[in-house]
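Following: one structure in structure tokens, then a few remarks.
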Amino acid sequence: MATYMTFFAVPDHHIEFLEKHPQYLADYLEGKQPNTKRGLFSRLFCSVNTPETPPDWPTQVHDHSTEINHRQVEYLHYLLNGTESEIANAGCLFQTWFKPHATCCAVAIDDSKFAFKSAQVIELKSIMMSINDDVIFRRYQEKVDDDMTDDDKELLLNIFCDLNIICDESISKNQGIIWSAS
């Protein structure tokens, strides 16, 4: 069974909060207010204060499911960047899945969930705008399969169309994105 990438458009300050407090990510993505109250024992013996969730904590988070699965991320990385090498800029989107500990601009919330702040989403959109369908198809034929079918073309067009929609929505709201495997 394949594991697919899911994207969420979120404000930068929420990404910053979740980077510091990844234990609240599941509640966040479900639109639930996390239980930040500490028990009696921890209040008596621990000096750590519980964090205040952002006042605009969502009650519902819209997700963008995609056709991107774990079997495709290495070649999608190549299609996006034109290289198999590690990338430090926003082109590292797919790299986070097959090299989660590589150094790049993605914010690691945990080992399988990453984020770009709004500036990196703009950078990702710029990278995607610099390649057209012909470049994507040529790179696919170079590295994946030189016998490209119409189904292959349609899948690639859908994937990059989905990514463009996700970036456009995030950019229009001046937000970042979180992505995860689901």
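Going by the structure tokens order, chains are called A, B, ..., each with residues numbered from 1, while ligands are numbered from 1 in the order shown.
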
Among stretch 52-143 of chain A, which ones does DSSP place in strand (DSSP E or B), written as a ChimeraX atom specification?
/A:63-69,107-110,113-116

Do you know which residues are at most 12 Å from A:Thr96 counting only C-alpha atoms, after dropping those on the same chain fewer than 5 positions away, and could you put them as a ChimeraX atom specification?
/A:5,70,73-74,76-77,86-91,101-116,178-181

Name all residues at most 8 Å from A:Ile136 (count only C-alpha atoms; drop same-chain ones fewer than 3 positions away) and give them as an MDAnalysis selection string.
chainID A and resid 79:80 131:133 139:140 156

Could you turn the residues from that selection into a file that holds C-alpha atoms, as a short mmCIF file (atom, residue, chain, number, x, y, z; two decimals), in the first residue's frame?
```
data_model
loop_
_atom_site.label_atom_id
_atom_site.label_comp_id
_atom_site.auth_asym_id
_atom_site.auth_seq_id
_atom_site.Cartn_x
_atom_site.Cartn_y
_atom_site.Cartn_z
CA LEU A 79 12.10 16.31 -12.08
CA LEU A 80 11.79 19.42 -9.91
CA ILE A 131 10.34 24.43 -15.48
CA ASN A 132 7.65 23.70 -18.04
CA ASP A 133 5.94 20.48 -19.06
CA ARG A 139 13.85 14.78 -17.27
CA TYR A 140 11.44 11.88 -16.76
CA LEU A 156 3.04 14.16 -13.78
#
```

If you run DSSP on the backbone here, which positions in stretch 54-146 of chain A get helix (DSSP H, G or I)? Please write them as JSON, numbers by chain.
{"A": [73, 74, 75, 76, 77, 78, 79, 80, 81, 90, 91, 92, 93, 95, 96, 97, 98, 118, 119, 120, 121, 122, 123, 124, 125, 126, 127, 128, 129, 133, 134, 135, 136, 137, 138, 139, 140, 141, 142, 143]}

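Shortest separation to A:Asn174 among A:Asp152, A:Asp12, A:Asp147, A:Glu52 occurs at residue A:Asp12, atoms counted being only C-alpha atoms.
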
Surrounding residues of A:His14 excluding itself and chain neighbours under 2 positions, 9 Å, only C-alpha atoms, as a PyMOL selection string:
chain A and resi 10-12+16-19+53-54+56-57

Can you spit out the residues from that selection as a short mmCIF file (atom, residue, chain, number, x, y, z; two decimals), in the first residue's frame, using C-alpha atoms?
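Final file, part-v5.cif:
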```
data_model
loop_
_atom_site.label_atom_id
_atom_site.label_comp_id
_atom_site.auth_asym_id
_atom_site.auth_seq_id
_atom_site.Cartn_x
_atom_site.Cartn_y
_atom_site.Cartn_z
CA VAL A 10 -0.91 27.29 7.68
CA PRO A 11 0.31 30.65 9.03
CA ASP A 12 4.04 31.06 9.68
CA GLU A 16 7.01 28.31 14.53
CA PHE A 17 4.81 27.13 17.42
CA LEU A 18 4.62 23.55 16.10
CA GLU A 19 8.37 23.45 15.51
CA THR A 53 -1.42 28.00 21.83
CA PRO A 54 -1.78 30.74 19.22
CA ASP A 56 -6.09 31.78 16.10
CA TRP A 57 -5.65 28.01 16.61
#
```

Which residues come within 9 Å of A:Glu30, counting only C-alpha atoms, excluding same-chain residues fewer than 4 positions away, as number ranges by chain?
A: 25-26, 58-61

Counting only C-alpha atoms, which residue out of A:Met129, A:Lys99, A:His13, A:Leu124 sits closest to A:Pro55?
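So, comparing all the options, the nearest one is A:His13.
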
Counting only C-alpha atoms, what is within 9 Å of A:Ala9, bar same-chain residues fewer than 2 positions away, as a ChimeraX atom specification?
/A:7,11,61-64,166-167,169-170,173,175-179
